[in-house]
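To start, the structure under review is shown below, and the notes come after it.
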Amino acid sequence: MTSRTGRHFLQIPGPTNVPDRILRAIDQPTIDHRGPEFAALAKSVLAGMKRLFRTKGDVAVFPSSGTGAWEAALVNTLSPGDKVLAVETGQFASLWRVMATRLGLEVEIIPTDWRHPADAGAVEARLAADKAHAIKAVMIVQNETSTGVASDVAAIRRAIDRARHPALYLVDAISSLGAMELRQDDWGIDVAIAGSQKGLMLPPGLGFNAISAKALDASRGAKLPRAYWEWQPMIAAAETGFFPFTPATNLLFGLREAMAMLEEEGLERVFARHDRLAAATRRAVAAWGLEPLCADPAAHSSALTAVLLPAGHDADAFRRTVLERFDMSLGAGLGKVAGKVFRIGHLGWLNELMLMGTLAGIEMGLAAAGVPYRKGGVDAAMEHLAGAAGASPARVAAAR
Ligand SMILES: *Cc1c(COP(=O)(O)O)cnc(C)c1O
């Protein structure tokens, strides 16, 4: 490895760049997790997470990756042999389905071409046909991190309601929380699932379940085996600011800081910033003459963009060139789009110039790797960001 100067560009869609403020918040002596200082920390992060999920329900925080939080959502609400309905929007939806099957659930899948979002109409039709209410839960990935396609979680809630179906609504918000709008209570989500290393700007290591009253009720009769992931002792201990086992104390210091940062900026502005940087990225992709994997203009993710390389060009070789030449990590294609796409992460702690550096690295990388493209992507993105449509609302307000 040659020596590097300046910062590495970590432009994968998670883990994301950890802000200096959060690094400093984590860099503290670990405290007694049964002492009063910890209780104040736990109460403050739990209250903050409820504001972030926009819920009045309980939030469970596990020392785990997002995958652990997936498992927690399933084992707390369902019983062996239960039927669940899932939409395979991409690799993450597919992995979650595999997990559900291994846990002993019977998964019925609505396929997609991995280029379109979950179709609310198809969910409604399937639920309406399930007169006996055999389906116990609907599993949806809000932001499919493998494809850059976002599904309309509110529209799927309305579809469940139109079918008058009592299924629980389980939503993977692992790469959307803190980057794209999520309203747990308004959208009738029974379990919203998140992780620390994407929109929350933390290192990996925390998994979250935000739990509706209906989901909590279901957990009382749910019979899938569970021990570590059991919600009830978590919720009981949280009343007093404690955990039933050793929490990831230092990550919780970081979480408190992340919450402060998101609330100082204001969630609406955080989402608008993600929308703006994503739109600039798409301008660049279009100017290069490349195609985003997302084929539905209404479903573009604001957290990442997956880009198809022209046939015959290996996306992993392109990513290797970018890493070697410009010290930037881009996301790999996963599952059935491996080698065909690369993914640009533009979520978390990011601003216009970090994005422009990212896009410049890609444009130089396309040339260096011999991928056919048109020049001008960086210019198109700059034009967008400098123009009124791309201007930061904070700056616009200050300039008035
Ligand atoms: C990252 C991610 C996961 C998996 O989370 P891990 O922290 O890697 O276990 C699941 N779903 C989505 C949508 C993700 O982005």
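Residues are named by chain letter and number: chains run A, B, ... in the order of the structure tokens, numbers start at 1 in each chain, and ligands are numbered from 1 in the order shown.
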
Handout entry: Given 8 Å and only C-alpha atoms and all ligand atoms, residues near ligand 1 as a PyMOL selection string
Key = chain A and resi 13-15+64-70+92-93+96+141-146+172-176+195-198+204-205+207

Handout entry: Residue contacts of Trp349 (chain A) (9 Å, only C-alpha atoms) excluding same-chain residues fewer than 6 positions away, as a ChimeraX atom specification
Key = /A:16-19,199-201

Practice task
Using only C-alpha atoms, find the one residue out of A:Leu46, A:Ala303, A:Ala210, A:Ala360 that sits nearest to Arg343 (chain A).
Solution key: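 That would be A:Ala303, the residue with the smallest distance to Arg343 (chain A).
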
Exercise for the section: Find the spatial neighbours of Arg282 (chain A), counting only C-alpha atoms, within a cut-off of 9 Å - ignore same-chain residues fewer than 3 positions away - and output them as number ranges by chain. Expected result: A: 277-279, 285-287, 292, 305, 381

Exercise for the section: Figure out the distance between CA of Asp186 (chain A) and CA of Ser94 (chain A), please, to one decimal in Å. Expected result: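 Computed distance, CA of Ser94 (chain A) to CA of Asp186 (chain A), equals 26.9 Å.
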
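Atom pair CA of His274 (chain A) / CA of Gly339 (chain A) has a distance of 26.2 Å (rounded to one decimal).
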
Practice task
Tell me, in Å to one decimal, how far CA of Arg102 (chain A) is from CA of Ala194 (chain A).
Solution key: 21.1 Å

Exercise for the section: Select from region 297-343 of chain A everything DSSP, run on the backbone, classes as helix (DSSP H, G or I), then give the selection as a PyMOL selection string. Expected result: chain A and resi 297-299+315-326+335-337

Could you write out the selected residues, including N, CA and C atoms, as a PDB file, in the first residue's frame?
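So the final result, stored in part-v2.pdb, reads:
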```pdb
ATOM      1  N   PRO A 297     -38.395   7.102 -12.491  1.00  0.00           N
ATOM      2  CA  PRO A 297     -37.959   8.442 -12.081  1.00  0.00           C
ATOM      3  C   PRO A 297     -38.542   8.875 -10.731  1.00  0.00           C
ATOM      4  N   ALA A 298     -39.672   8.292 -10.346  1.00  0.00           N
ATOM      5  CA  ALA A 298     -40.288   8.684  -9.078  1.00  0.00           C
ATOM      6  C   ALA A 298     -39.694   7.916  -7.902  1.00  0.00           C
ATOM      7  N   ALA A 299     -38.795   6.970  -8.173  1.00  0.00           N
ATOM      8  CA  ALA A 299     -38.325   6.088  -7.098  1.00  0.00           C
ATOM      9  C   ALA A 299     -36.824   6.191  -6.834  1.00  0.00           C
ATOM     10  N   ALA A 315     -17.628  -3.478 -13.612  1.00  0.00           N
ATOM     11  CA  ALA A 315     -17.762  -2.408 -12.621  1.00  0.00           C
ATOM     12  C   ALA A 315     -16.756  -2.568 -11.480  1.00  0.00           C
ATOM     13  N   ASP A 316     -16.386  -3.805 -11.171  1.00  0.00           N
ATOM     14  CA  ASP A 316     -15.426  -4.007 -10.080  1.00  0.00           C
ATOM     15  C   ASP A 316     -14.017  -3.578 -10.494  1.00  0.00           C
ATOM     16  N   ALA A 317     -13.689  -3.793 -11.763  1.00  0.00           N
ATOM     17  CA  ALA A 317     -12.378  -3.330 -12.259  1.00  0.00           C
ATOM     18  C   ALA A 317     -12.354  -1.800 -12.221  1.00  0.00           C
ATOM     19  N   PHE A 318     -13.466  -1.180 -12.600  1.00  0.00           N
ATOM     20  CA  PHE A 318     -13.564   0.288 -12.539  1.00  0.00           C
ATOM     21  C   PHE A 318     -13.384   0.781 -11.099  1.00  0.00           C
ATOM     22  N   ARG A 319     -14.041   0.111 -10.159  1.00  0.00           N
ATOM     23  CA  ARG A 319     -13.925   0.529  -8.754  1.00  0.00           C
ATOM     24  C   ARG A 319     -12.489   0.363  -8.259  1.00  0.00           C
ATOM     25  N   ARG A 320     -11.830  -0.699  -8.713  1.00  0.00           N
ATOM     26  CA  ARG A 320     -10.428  -0.910  -8.305  1.00  0.00           C
ATOM     27  C   ARG A 320      -9.539   0.218  -8.810  1.00  0.00           C
ATOM     28  N   THR A 321      -9.791   0.639 -10.053  1.00  0.00           N
ATOM     29  CA  THR A 321      -9.003   1.747 -10.615  1.00  0.00           C
ATOM     30  C   THR A 321      -9.209   3.010  -9.780  1.00  0.00           C
ATOM     31  N   VAL A 322     -10.459   3.297  -9.444  1.00  0.00           N
ATOM     32  CA  VAL A 322     -10.759   4.509  -8.668  1.00  0.00           C
ATOM     33  C   VAL A 322     -10.082   4.448  -7.297  1.00  0.00           C
ATOM     34  N   LEU A 323     -10.081   3.278  -6.693  1.00  0.00           N
ATOM     35  CA  LEU A 323      -9.447   3.137  -5.374  1.00  0.00           C
ATOM     36  C   LEU A 323      -7.930   3.323  -5.484  1.00  0.00           C
ATOM     37  N   GLU A 324      -7.344   2.669  -6.479  1.00  0.00           N
ATOM     38  CA  GLU A 324      -5.883   2.745  -6.607  1.00  0.00           C
ATOM     39  C   GLU A 324      -5.422   4.133  -7.005  1.00  0.00           C
ATOM     40  N   ARG A 325      -6.131   4.748  -7.942  1.00  0.00           N
ATOM     41  CA  ARG A 325      -5.672   6.044  -8.453  1.00  0.00           C
ATOM     42  C   ARG A 325      -6.070   7.206  -7.555  1.00  0.00           C
ATOM     43  N   PHE A 326      -7.266   7.149  -6.990  1.00  0.00           N
ATOM     44  CA  PHE A 326      -7.791   8.342  -6.316  1.00  0.00           C
ATOM     45  C   PHE A 326      -8.185   8.112  -4.857  1.00  0.00           C
ATOM     46  N   GLY A 335     -25.198  -9.252  -5.425  1.00  0.00           N
ATOM     47  CA  GLY A 335     -26.140 -10.260  -5.921  1.00  0.00           C
ATOM     48  C   GLY A 335     -26.135 -10.298  -7.434  1.00  0.00           C
ATOM     49  N   LYS A 336     -27.317 -10.255  -8.039  1.00  0.00           N
ATOM     50  CA  LYS A 336     -27.367 -10.476  -9.488  1.00  0.00           C
ATOM     51  C   LYS A 336     -26.880  -9.278 -10.311  1.00  0.00           C
ATOM     52  N   VAL A 337     -26.583  -8.153  -9.677  1.00  0.00           N
ATOM     53  CA  VAL A 337     -25.983  -7.042 -10.439  1.00  0.00           C
ATOM     54  C   VAL A 337     -24.491  -6.873 -10.111  1.00  0.00           C
TER      55      VAL A 337
END
```
